[in-house]
>>> print(open('run26.cif').read())   # mmCIF, C-alpha atoms
data_entry
#
loop_
_atom_site.group_PDB
_atom_site.id
_atom_site.type_symbol
_atom_site.label_atom_id
_atom_site.label_comp_id
_atom_site.auth_asym_id
_atom_site.auth_seq_id
_atom_site.Cartn_x
_atom_site.Cartn_y
_atom_site.Cartn_z
ATOM 1 C CA SER A 8 -45.577 51.533 156.078
ATOM 2 C CA ARG A 9 -43.716 50.291 159.117
ATOM 3 C CA ARG A 10 -40.802 48.042 158.396
ATOM 4 C CA ARG A 11 -40.414 44.639 156.964
ATOM 5 C CA HIS A 12 -40.845 42.687 160.141
ATOM 6 C CA GLY A 13 -43.560 40.202 160.843
ATOM 7 C CA ALA A 14 -44.970 36.769 160.468
ATOM 8 C CA CYS A 15 -42.160 34.946 158.703
ATOM 9 C CA ARG A 16 -39.675 34.199 161.473
ATOM 10 C CA THR A 17 -37.699 35.697 164.288
ATOM 11 C CA CYS A 18 -34.127 36.497 163.383
ATOM 12 C CA PRO A 19 -31.268 38.679 164.603
ATOM 13 C CA ARG A 20 -31.053 42.257 163.409
ATOM 14 C CA ARG A 21 -29.391 42.535 160.027
ATOM 15 C CA THR A 22 -26.952 45.022 158.629
ATOM 16 C CA THR A 23 -28.139 46.586 155.409
ATOM 17 C CA THR A 24 -25.637 47.397 152.676
ATOM 18 C CA VAL A 25 -27.723 50.225 151.248
ATOM 19 C CA SER A 26 -28.241 53.462 153.124
ATOM 20 C CA PRO A 27 -31.988 54.018 153.722
ATOM 21 C CA SER A 28 -31.493 57.736 153.073
ATOM 22 C CA ARG A 29 -30.686 56.872 149.461
ATOM 23 C CA MET A 30 -33.737 54.685 148.995
ATOM 24 C CA TRP A 31 -36.489 56.269 151.042
ATOM 25 C CA CYS A 32 -39.043 54.937 148.550
ATOM 26 C CA SER A 33 -38.982 52.269 145.875
ATOM 27 C CA ALA A 34 -39.880 52.343 142.210
ATOM 28 C CA GLN A 35 -42.941 50.246 143.065
ATOM 29 C CA ASP A 36 -44.089 52.817 145.633
ATOM 30 C CA VAL A 37 -43.849 55.595 143.056
ATOM 31 C CA ALA A 38 -45.389 53.569 140.228
ATOM 32 C CA ALA A 39 -48.393 52.421 142.279
ATOM 33 C CA THR A 40 -49.073 55.911 143.631
ATOM 34 C CA PHE A 41 -48.717 57.502 140.193
ATOM 35 C CA ALA A 42 -50.999 54.866 138.650
ATOM 36 C CA GLY A 43 -53.616 55.516 141.335
ATOM 37 C CA LEU A 44 -53.450 59.256 140.820
ATOM 38 C CA SER A 45 -53.716 58.812 137.053
ATOM 39 C CA LEU A 46 -56.832 56.669 137.467
ATOM 40 C CA TRP A 47 -58.316 59.261 139.815
ATOM 41 C CA LEU A 48 -57.692 62.104 137.377
ATOM 42 C CA ALA A 49 -59.089 60.081 134.468
ATOM 43 C CA ALA A 50 -62.283 59.286 136.394
ATOM 44 C CA VAL A 51 -62.770 62.898 137.507
ATOM 45 C CA ARG A 52 -62.115 64.128 133.977
ATOM 46 C CA ALA A 53 -64.619 61.638 132.533
ATOM 47 C CA SER A 54 -67.249 62.836 134.997
ATOM 48 C CA GLY A 55 -66.750 66.416 133.834
ATOM 49 C CA HIS A 56 -65.685 67.615 137.289
ATOM 50 C CA LEU A 57 -62.084 68.312 136.367
ATOM 51 C CA ALA A 58 -63.137 71.319 134.286
ATOM 52 C CA SER A 59 -64.255 72.942 137.543
ATOM 53 C CA ALA A 60 -61.071 72.067 139.437
ATOM 54 C CA SER A 61 -58.883 74.793 140.856
ATOM 55 C CA LEU A 62 -55.189 74.126 141.426
ATOM 56 C CA THR A 63 -54.948 77.075 143.781
ATOM 57 C CA VAL A 64 -57.478 78.039 146.410
ATOM 58 C CA ALA A 65 -57.856 80.933 148.785
ATOM 59 C CA PRO A 66 -56.853 79.827 152.299
ATOM 60 C CA THR A 67 -60.370 79.811 153.690
ATOM 61 C CA PRO A 68 -60.754 78.782 157.347
ATOM 62 C CA ALA A 69 -62.500 75.549 156.299
ATOM 63 C CA PHE A 70 -59.688 74.581 153.926
ATOM 64 C CA VAL A 71 -56.940 75.463 156.405
ATOM 65 C CA LEU A 72 -58.593 73.537 159.247
ATOM 66 C CA THR A 73 -59.027 70.495 157.011
ATOM 67 C CA ALA A 74 -55.410 70.654 155.865
ATOM 68 C CA LEU A 75 -54.271 70.865 159.494
ATOM 69 C CA SER A 76 -56.449 67.895 160.356
ATOM 70 C CA VAL A 77 -54.866 65.928 157.508
ATOM 71 C CA SER A 78 -51.414 66.624 158.955
ATOM 72 C CA SER A 79 -52.371 65.877 162.557
ATOM 73 C CA SER A 80 -51.795 62.126 162.517
ATOM 74 C CA TYR A 81 -48.448 62.508 160.748
ATOM 75 C CA ILE A 82 -47.345 64.966 163.411
ATOM 76 C CA VAL A 83 -48.206 62.315 166.007
ATOM 77 C CA TYR A 84 -46.235 59.720 164.007
ATOM 78 C CA SER A 85 -43.209 62.016 163.949
ATOM 79 C CA LEU A 86 -43.388 62.840 167.643
ATOM 80 C CA VAL A 87 -43.480 59.163 168.573
ATOM 81 C CA TRP A 88 -40.831 58.255 165.980
ATOM 82 C CA PHE A 89 -38.308 60.730 167.366
ATOM 83 C CA ASN A 90 -39.273 60.360 171.032
ATOM 84 C CA ALA A 91 -40.084 56.665 171.362
ATOM 85 C CA ALA A 92 -38.475 56.114 174.768
ATOM 86 C CA LYS A 93 -40.180 59.156 176.316
ATOM 87 C CA PHE A 94 -43.504 58.151 174.783
ATOM 88 C CA ALA A 95 -43.184 54.580 176.109
ATOM 89 C CA ALA A 96 -42.445 55.930 179.575
ATOM 90 C CA ALA A 97 -45.435 58.293 179.438
ATOM 91 C CA CYS A 98 -47.667 55.368 178.463
ATOM 92 C CA GLN A 99 -47.076 53.779 181.857
ATOM 93 C CA ARG A 100 -49.053 56.473 183.649
ATOM 94 C CA ALA A 101 -52.213 58.500 183.165
ATOM 95 C CA PRO A 102 -53.531 59.942 180.981
ATOM 96 C CA LEU A 103 -51.860 58.079 178.103
ATOM 97 C CA GLY A 104 -51.781 54.837 180.060
ATOM 98 C CA LEU A 105 -55.577 54.770 180.042
ATOM 99 C CA LEU A 106 -55.613 54.356 176.261
ATOM 100 C CA GLY A 107 -54.013 50.916 176.057
ATOM 101 C CA VAL A 108 -52.332 48.095 177.953
ATOM 102 C CA ASP A 109 -48.911 48.945 176.528
ATOM 103 C CA ALA A 110 -47.169 51.654 174.504
ATOM 104 C CA VAL A 111 -48.063 49.992 171.213
ATOM 105 C CA GLY A 112 -51.726 49.843 172.203
ATOM 106 C CA VAL A 113 -51.705 53.491 173.253
ATOM 107 C CA PHE A 114 -50.140 54.522 169.956
ATOM 108 C CA GLN A 115 -52.704 52.429 168.062
ATOM 109 C CA THR A 116 -55.551 54.179 169.881
ATOM 110 C CA LEU A 117 -54.078 57.609 169.132
ATOM 111 C CA VAL A 118 -53.566 56.786 165.456
ATOM 112 C CA LEU A 119 -57.112 55.489 165.043
ATOM 113 C CA ALA A 120 -58.534 58.565 166.803
ATOM 114 C CA PHE A 121 -56.575 60.969 164.611
ATOM 115 C CA LYS A 122 -57.446 59.005 161.466
ATOM 116 C CA LEU A 123 -61.124 59.226 162.381
ATOM 117 C CA GLY A 124 -60.705 62.959 162.893
ATOM 118 C CA GLN A 125 -59.105 63.268 159.468
ATOM 119 C CA GLN A 126 -62.020 61.606 157.734
ATOM 120 C CA LEU A 127 -64.646 63.570 159.677
ATOM 121 C CA ALA A 128 -62.876 66.831 158.836
ATOM 122 C CA LEU A 129 -62.772 65.861 155.154
ATOM 123 C CA LEU A 130 -66.487 65.034 155.137
ATOM 124 C CA LEU A 131 -67.363 68.311 156.861
ATOM 125 C CA TRP A 132 -65.230 70.221 154.375
ATOM 126 C CA ALA A 133 -66.894 68.459 151.421
ATOM 127 C CA ALA A 134 -70.364 69.226 152.794
ATOM 128 C CA HIS A 135 -69.392 72.855 153.357
ATOM 129 C CA ALA A 136 -67.950 73.071 149.828
ATOM 130 C CA ALA A 137 -71.236 71.673 148.497
ATOM 131 C CA GLY A 138 -73.090 74.544 150.142
ATOM 132 C CA ALA A 139 -74.112 73.079 153.493
ATOM 133 C CA ASP A 140 -73.969 74.941 156.769
ATOM 134 C CA ALA A 141 -71.335 72.959 158.693
ATOM 135 C CA SER A 142 -73.055 73.830 161.972
ATOM 136 C CA SER A 143 -76.266 72.092 160.875
ATOM 137 C CA PRO A 144 -76.068 68.279 161.095
ATOM 138 C CA HIS A 145 -79.149 67.951 158.885
ATOM 139 C CA ALA A 146 -77.609 70.140 156.173
ATOM 140 C CA VAL A 147 -74.300 68.267 156.358
ATOM 141 C CA VAL A 148 -75.992 64.865 156.050
ATOM 142 C CA HIS A 149 -78.131 66.090 153.155
ATOM 143 C CA ALA A 150 -75.092 67.458 151.291
ATOM 144 C CA LEU A 151 -73.114 64.248 151.812
ATOM 145 C CA ALA A 152 -76.092 62.146 150.731
ATOM 146 C CA THR A 153 -76.304 64.204 147.546
ATOM 147 C CA LEU A 154 -72.605 63.659 146.850
ATOM 148 C CA LEU A 155 -72.982 59.938 147.499
ATOM 149 C CA ALA A 156 -76.016 59.673 145.230
ATOM 150 C CA SER A 157 -74.094 61.385 142.427
ATOM 151 C CA PHE A 158 -71.164 59.021 142.974
ATOM 152 C CA CYS A 159 -73.355 55.912 142.916
ATOM 153 C CA ALA A 160 -74.967 57.102 139.673
ATOM 154 C CA ASP A 161 -71.564 57.308 137.943
ATOM 155 C CA PRO A 162 -70.401 53.785 136.929
ATOM 156 C CA GLY A 163 -66.983 55.059 135.867
ATOM 157 C CA ARG A 164 -66.167 56.628 139.217
ATOM 158 C CA LEU A 165 -67.603 53.622 141.031
ATOM 159 C CA ALA A 166 -65.381 51.221 139.095
ATOM 160 C CA VAL A 167 -62.215 53.253 139.585
ATOM 161 C CA ALA A 168 -62.948 53.794 143.269
ATOM 162 C CA ALA A 169 -63.449 50.034 143.699
ATOM 163 C CA VAL A 170 -60.074 49.347 142.065
ATOM 164 C CA LEU A 171 -58.300 51.960 144.198
ATOM 165 C CA MET A 172 -59.932 50.857 147.442
ATOM 166 C CA GLY A 173 -59.416 47.179 146.630
ATOM 167 C CA ALA A 174 -55.725 47.631 145.856
ATOM 168 C CA GLY A 175 -55.169 49.871 148.855
ATOM 169 C CA GLN A 176 -56.887 47.606 151.333
ATOM 170 C CA THR A 177 -55.143 44.549 149.922
ATOM 171 C CA LEU A 178 -51.814 46.167 150.771
ATOM 172 C CA ASN A 179 -53.067 47.222 154.203
ATOM 173 C CA ALA A 180 -54.434 43.772 154.990
ATOM 174 C CA GLY A 181 -51.158 42.241 153.797
ATOM 175 C CA ILE A 182 -49.194 44.472 156.168
ATOM 176 C CA TYR A 183 -51.322 43.519 159.160
ATOM 177 C CA ALA A 184 -51.062 39.836 158.264
ATOM 178 C CA ALA A 185 -47.287 40.083 157.845
ATOM 179 C CA ILE A 186 -46.147 42.237 160.761
ATOM 180 C CA GLY A 187 -49.201 42.439 163.010
ATOM 181 C CA ARG A 188 -50.196 45.190 165.402
ATOM 182 C CA ASP A 189 -46.742 45.492 166.941
ATOM 183 C CA GLY A 190 -45.081 45.906 163.563
ATOM 184 C CA VAL A 191 -47.611 48.397 162.243
ATOM 185 C CA TYR A 192 -47.594 50.628 165.312
ATOM 186 C CA TYR A 193 -43.844 51.133 165.797
ATOM 187 C CA GLY A 194 -43.424 48.148 168.079
ATOM 188 C CA PHE A 195 -39.713 47.863 167.373
ATOM 189 C CA LYS A 196 -39.275 51.387 168.723
ATOM 190 C CA LEU A 197 -41.609 50.863 171.681
ATOM 191 C CA GLY A 198 -40.110 47.708 173.137
ATOM 192 C CA ALA A 199 -42.092 44.999 171.321
ATOM 193 C CA PRO A 200 -40.151 42.177 169.624
ATOM 194 C CA VAL A 201 -40.987 42.111 165.919
ATOM 195 C CA PRO A 202 -39.643 39.281 163.732
ATOM 196 C CA TRP A 203 -38.349 39.697 160.201
ATOM 197 C CA CYS A 204 -40.640 39.300 157.185
ATOM 198 C CA SER A 205 -39.810 39.200 153.498
ATOM 199 C CA GLY A 206 -43.175 37.925 152.247
ATOM 200 C CA PHE A 207 -46.198 39.761 150.842
ATOM 201 C CA PRO A 208 -46.398 42.691 150.311
ATOM 202 C CA PHE A 209 -42.656 43.318 150.686
ATOM 203 C CA ASN A 210 -41.852 40.667 148.098
ATOM 204 C CA LEU A 211 -43.494 42.933 145.495
ATOM 205 C CA GLY A 212 -40.738 45.489 145.985
ATOM 206 C CA PHE A 213 -42.660 48.036 148.061
ATOM 207 C CA ARG A 214 -40.702 50.018 150.619
ATOM 208 C CA HIS A 215 -43.785 51.596 152.193
ATOM 209 C CA PRO A 216 -46.709 49.308 151.306
ATOM 210 C CA GLN A 217 -48.982 50.575 154.060
ATOM 211 C CA TYR A 218 -48.545 54.202 153.053
ATOM 212 C CA VAL A 219 -49.094 53.300 149.408
ATOM 213 C CA GLY A 220 -52.206 51.359 150.419
ATOM 214 C CA GLY A 221 -53.440 54.249 152.526
ATOM 215 C CA THR A 222 -52.866 56.693 149.679
ATOM 216 C CA LEU A 223 -54.769 54.572 147.155
ATOM 217 C CA SER A 224 -57.633 54.084 149.609
ATOM 218 C CA GLN A 225 -57.790 57.809 150.261
ATOM 219 C CA TYR A 226 -57.915 58.488 146.521
ATOM 220 C CA ALA A 227 -61.043 56.327 146.420
ATOM 221 C CA VAL A 228 -62.628 58.450 149.168
ATOM 222 C CA PHE A 229 -61.747 61.644 147.313
ATOM 223 C CA LEU A 230 -63.290 60.200 144.172
ATOM 224 C CA ALA A 231 -66.575 59.638 146.014
ATOM 225 C CA LEU A 232 -66.526 63.264 147.184
ATOM 226 C CA SER A 233 -65.773 64.693 143.750
ATOM 227 C CA SER A 234 -68.265 67.207 142.358
ATOM 228 C CA PRO A 235 -68.037 70.528 140.516
ATOM 229 C CA ALA A 236 -68.467 72.329 143.847
ATOM 230 C CA THR A 237 -65.801 70.385 145.758
ATOM 231 C CA CYS A 238 -63.391 70.613 142.834
ATOM 232 C CA ARG A 239 -63.839 74.391 142.742
ATOM 233 C CA ALA A 240 -63.297 74.570 146.499
ATOM 234 C CA GLY A 241 -59.929 72.800 146.310
ATOM 235 C CA LEU A 242 -60.430 69.034 146.225
ATOM 236 C CA LEU A 243 -57.340 68.560 144.062
ATOM 237 C CA PRO A 244 -54.982 70.655 146.262
ATOM 238 C CA LEU A 245 -56.338 68.851 149.325
ATOM 239 C CA LEU A 246 -55.642 65.474 147.709
ATOM 240 C CA ALA A 247 -52.129 66.671 146.806
ATOM 241 C CA TRP A 248 -51.558 67.814 150.393
ATOM 242 C CA TRP A 249 -52.634 64.407 151.711
ATOM 243 C CA SER A 250 -50.191 62.724 149.315
ATOM 244 C CA VAL A 251 -47.385 65.054 150.405
ATOM 245 C CA ASN A 252 -47.971 64.127 154.036
ATOM 246 C CA TYR A 253 -47.776 60.419 153.218
ATOM 247 C CA ALA A 254 -44.566 60.993 151.247
ATOM 248 C CA ALA A 255 -43.035 63.137 153.981
ATOM 249 C CA MET A 256 -43.663 60.511 156.657
ATOM 250 C CA SER A 257 -42.252 57.805 154.381
ATOM 251 C CA TRP A 258 -39.094 59.889 154.018
ATOM 252 C CA VAL A 259 -38.846 60.417 157.782
ATOM 253 C CA GLU A 260 -39.122 56.699 158.514
ATOM 254 C CA ALA A 261 -36.598 55.712 155.859
ATOM 255 C CA SER A 262 -34.125 58.547 156.385
ATOM 256 C CA PHE A 263 -34.032 58.557 160.175
ATOM 257 C CA GLY A 264 -33.890 54.832 160.781
ATOM 258 C CA ASP A 265 -36.647 52.349 160.093
ATOM 259 C CA ASN A 266 -36.509 48.682 160.983
ATOM 260 C CA ASP A 267 -34.446 47.406 158.077
ATOM 261 C CA GLY A 268 -31.409 46.911 160.257
ATOM 262 C CA SER A 269 -29.932 50.374 159.714
ATOM 263 C CA GLU A 270 -30.194 51.521 163.318
ATOM 264 C CA GLU A 271 -29.750 50.227 166.814
ATOM 265 C CA GLN A 272 -33.082 49.505 168.449
ATOM 266 C CA GLU A 273 -34.018 51.860 171.259
ATOM 267 C CA ALA A 274 -34.603 50.411 174.672
ATOM 268 C CA PRO A 275 -37.619 52.164 176.152
ATOM 269 C CA PRO A 276 -39.222 50.973 179.388
ATOM 270 C CA SER A 277 -41.118 47.715 179.464
ATOM 271 C CA ARG A 278 -43.979 47.633 176.997
ATOM 272 C CA ARG A 279 -46.315 46.583 179.802
ATOM 273 C CA LYS A 280 -47.753 49.229 182.056
ATOM 274 C CA ALA A 281 -46.426 49.371 185.589
ATOM 275 C CA ALA A 282 -48.683 47.668 188.114
#
>>> encode(input="run26.cif", output="structure tokens")
Amino acid sequence: SRRRHGACRTCPRRTTTVSPSRMWCSAQDVAATFAGLSLWLAAVRASGHLASASLTVAPTPAFVLTALSVSSSYIVYSLVWFNAAKFAAACQRAPLGLLGVDAVGVFQTLVLAFKLGQQLALLLWAAHAAGADASSPHAVVHALATLLASFCADPGRLAVAAVLMGAGQTLNAGIYAAIGRDGVYYGFKLGAPVPWCSGFPFNLGFRHPQYVGGTLSQYAVFLALSSPATCRAGLLPLLAWWSVNYAAMSWVEASFGDNDGSEEQEAPPSRRKAA
């Protein structure tokens, strides 16, 4: 959701008159997330899968490992958020320095790697919940293909997933267009100048548009993986846990200084790697 800085213009840091801790999310953030969740529940209910859903699940190793994988990228976010100067310094030498030309690039690589791990863990969990042996690639692919075929044969789920993914990716694309790579990947904390932006999607009233977009997009993925078996195995609690992680990171960014002018910018080492 990284702060409202980007393509509009460069300007001095501003002083906000509202404490971020009292407005860690906006009404639009809540409304969009609630609307997405309502659509998801309606689609799963219409497919008949909700009747199989369990709100509580036994902490099986597969479920616990998937939940930990979900949290992994947010742990990385938090570590960088609270230790930006140390992270920027570490990015000037191996091994982190091998992942990008500057601290922002290194952080981007780490985020993408952990996000990929999240999705792979979710797919493995879904295949396992559908009865596949997670150690057999053929069985995993077959189980996922079966889930996908069921999804594609359900026009209702397809339509809702398209709406969720479309809305989510529109917000994500808007963020990248507005604040760019440096704005998205904590550039203002890692020594990259990031200009102010008040255009789309911030002009819609979102405080955390990227997190809202990510949440809606993830709901679409969960909808594709919905089946009686995955719902029994804990699809709904896993979706709730993913949402909680998004909300928790939104709170961290807003409550402990984002880039809305409520904090003094840190001054880590140069964003370029040492020669």
>>> residues_around(input="run26.cif", residues="Leu106 of chain A", least_positions_apart="3", cutoff="12 Å", atoms="all atoms listed in the file", output="list of chain:residue names")
A:Ala97, A:Cys98, A:Gln99, A:Arg100, A:Ala101, A:Pro102, A:Leu103, A:Asp109, A:Ala110, A:Val111, A:Gly112, A:Val113, A:Phe114, A:Gln115, A:Thr116, A:Leu117, A:Val118, A:Leu119, A:Ala120, A:Lys280
>>> resolve_selection(input="run26.cif", expression="the PyMOL selection byres ((chain A and resi 180) around 12)", output="list in words")
Ser8, Met172, Gly173, Ala174, Gly175, Gln176, Thr177, Leu178, Asn179, Gly181, Ile182, Tyr183, Ala184, Ala185, Ile186, Gly187, Arg188, Val191, Phe207, Pro208, Pro216, Gln217, Gly220 and Gly221 of chain A
>>> resolve_selection(input="run26.cif", expression="the PyMOL selection byres ((chain A and resi 131-145) around 7)", output="ChimeraX atom specification")
/A:69,73,127-130,146-151,232,236-237,240
>>> write_last_selection(input="run26.cif", atoms="C-alpha atoms", output="short mmCIF file (atom, residue, chain, number, x, y, z; two decimals), in the coordinates of the input")
data_model
loop_
_atom_site.label_atom_id
_atom_site.label_comp_id
_atom_site.auth_asym_id
_atom_site.auth_seq_id
_atom_site.Cartn_x
_atom_site.Cartn_y
_atom_site.Cartn_z
CA ALA A 69 -62.50 75.55 156.30
CA THR A 73 -59.03 70.50 157.01
CA LEU A 127 -64.65 63.57 159.68
CA ALA A 128 -62.88 66.83 158.84
CA LEU A 129 -62.77 65.86 155.15
CA LEU A 130 -66.49 65.03 155.14
CA ALA A 146 -77.61 70.14 156.17
CA VAL A 147 -74.30 68.27 156.36
CA VAL A 148 -75.99 64.86 156.05
CA HIS A 149 -78.13 66.09 153.16
CA ALA A 150 -75.09 67.46 151.29
CA LEU A 151 -73.11 64.25 151.81
CA LEU A 232 -66.53 63.26 147.18
CA ALA A 236 -68.47 72.33 143.85
CA THR A 237 -65.80 70.39 145.76
CA ALA A 240 -63.30 74.57 146.50
#
>>> residues_around(input="run26.cif", residues="Ala60 of chain A", least_positions_apart="2", cutoff="9 Å", atoms="all atoms listed in the file", output="list in words")
His56, Leu57, Ala58, Leu62, Pro235, Ala236, Thr237, Cys238, Arg239, Ala240, Gly241, Leu242 and Leu243 of chain A
>>> residues_around(input="run26.cif", residues="segment 40-53 of chain A", least_positions_apart="2", cutoff="7 Å", atoms="all atoms listed in the file", output="JSON list (two decimals) with C-alpha atoms, in the coordinates of the input")
[["chain", "number", "residue", "atom", "x", "y", "z"],
["A", 36, "ASP", "CA", -44.09, 52.82, 145.63],
["A", 37, "VAL", "CA", -43.85, 55.60, 143.06],
["A", 38, "ALA", "CA", -45.39, 53.57, 140.23],
["A", 55, "GLY", "CA", -66.75, 66.42, 133.83],
["A", 56, "HIS", "CA", -65.68, 67.61, 137.29],
["A", 57, "LEU", "CA", -62.08, 68.31, 136.37],
["A", 163, "GLY", "CA", -66.98, 55.06, 135.87],
["A", 164, "ARG", "CA", -66.17, 56.63, 139.22],
["A", 167, "VAL", "CA", -62.22, 53.25, 139.58],
["A", 171, "LEU", "CA", -58.30, 51.96, 144.20],
["A", 219, "VAL", "CA", -49.09, 53.30, 149.41],
["A", 223, "LEU", "CA", -54.77, 54.57, 147.16],
["A", 226, "TYR", "CA", -57.92, 58.49, 146.52],
["A", 230, "LEU", "CA", -63.29, 60.20, 144.17]]
>>> residues_around(input="run26.cif", residues="Tyr84 of chain A", least_positions_apart="5", cutoff="12 Å", atoms="only C-alpha atoms", output="list in words")
Ser8, Arg9, Ser78, Ser79, Phe89, Asn90, Ala91, Phe94, Phe114, Gln115, Leu117, Val118, Leu119, Phe121, Lys122, Val191, Tyr192, Tyr193, Lys196, Asn252, Tyr253, Ala255, Met256, Ser257, Val259 and Glu260 of chain A
>>> resolve_selection(input="run26.cif", expression="the PyMOL selection byres ((chain A and resi 158-160) around 9)", output="VMD selection string")
chain A and resid 153 to 157 161 to 162 164 to 165 230 to 234
>>> closest_residue(input="run26.cif", among="A:Leu245, A:Ser54, A:Trp258, A:Asn210", to="Val71 of chain A", atoms="only C-alpha atoms")
A:Leu245
>>> atom_distance(input="run26.cif", atom1="atom CA of Gln35 of chain A", atom2="atom CA of Val83 of chain A")
26.5 Å
>>> closest_residue(input="run26.cif", among="A:Thr222, A:Ala92, A:Val170, A:Ala65", to="Leu197 of chain A", atoms="all atoms listed in the file")
A:Ala92
>>> atom_distance(input="run26.cif", atom1="atom CA of Leu246 of chain A", atom2="atom CA of Ser224 of chain A")
11.7 Å
>>> atom_distance(input="run26.cif", atom1="atom CA of Phe263 of chain A", atom2="atom CA of Gly194 of chain A")
16.1 Å
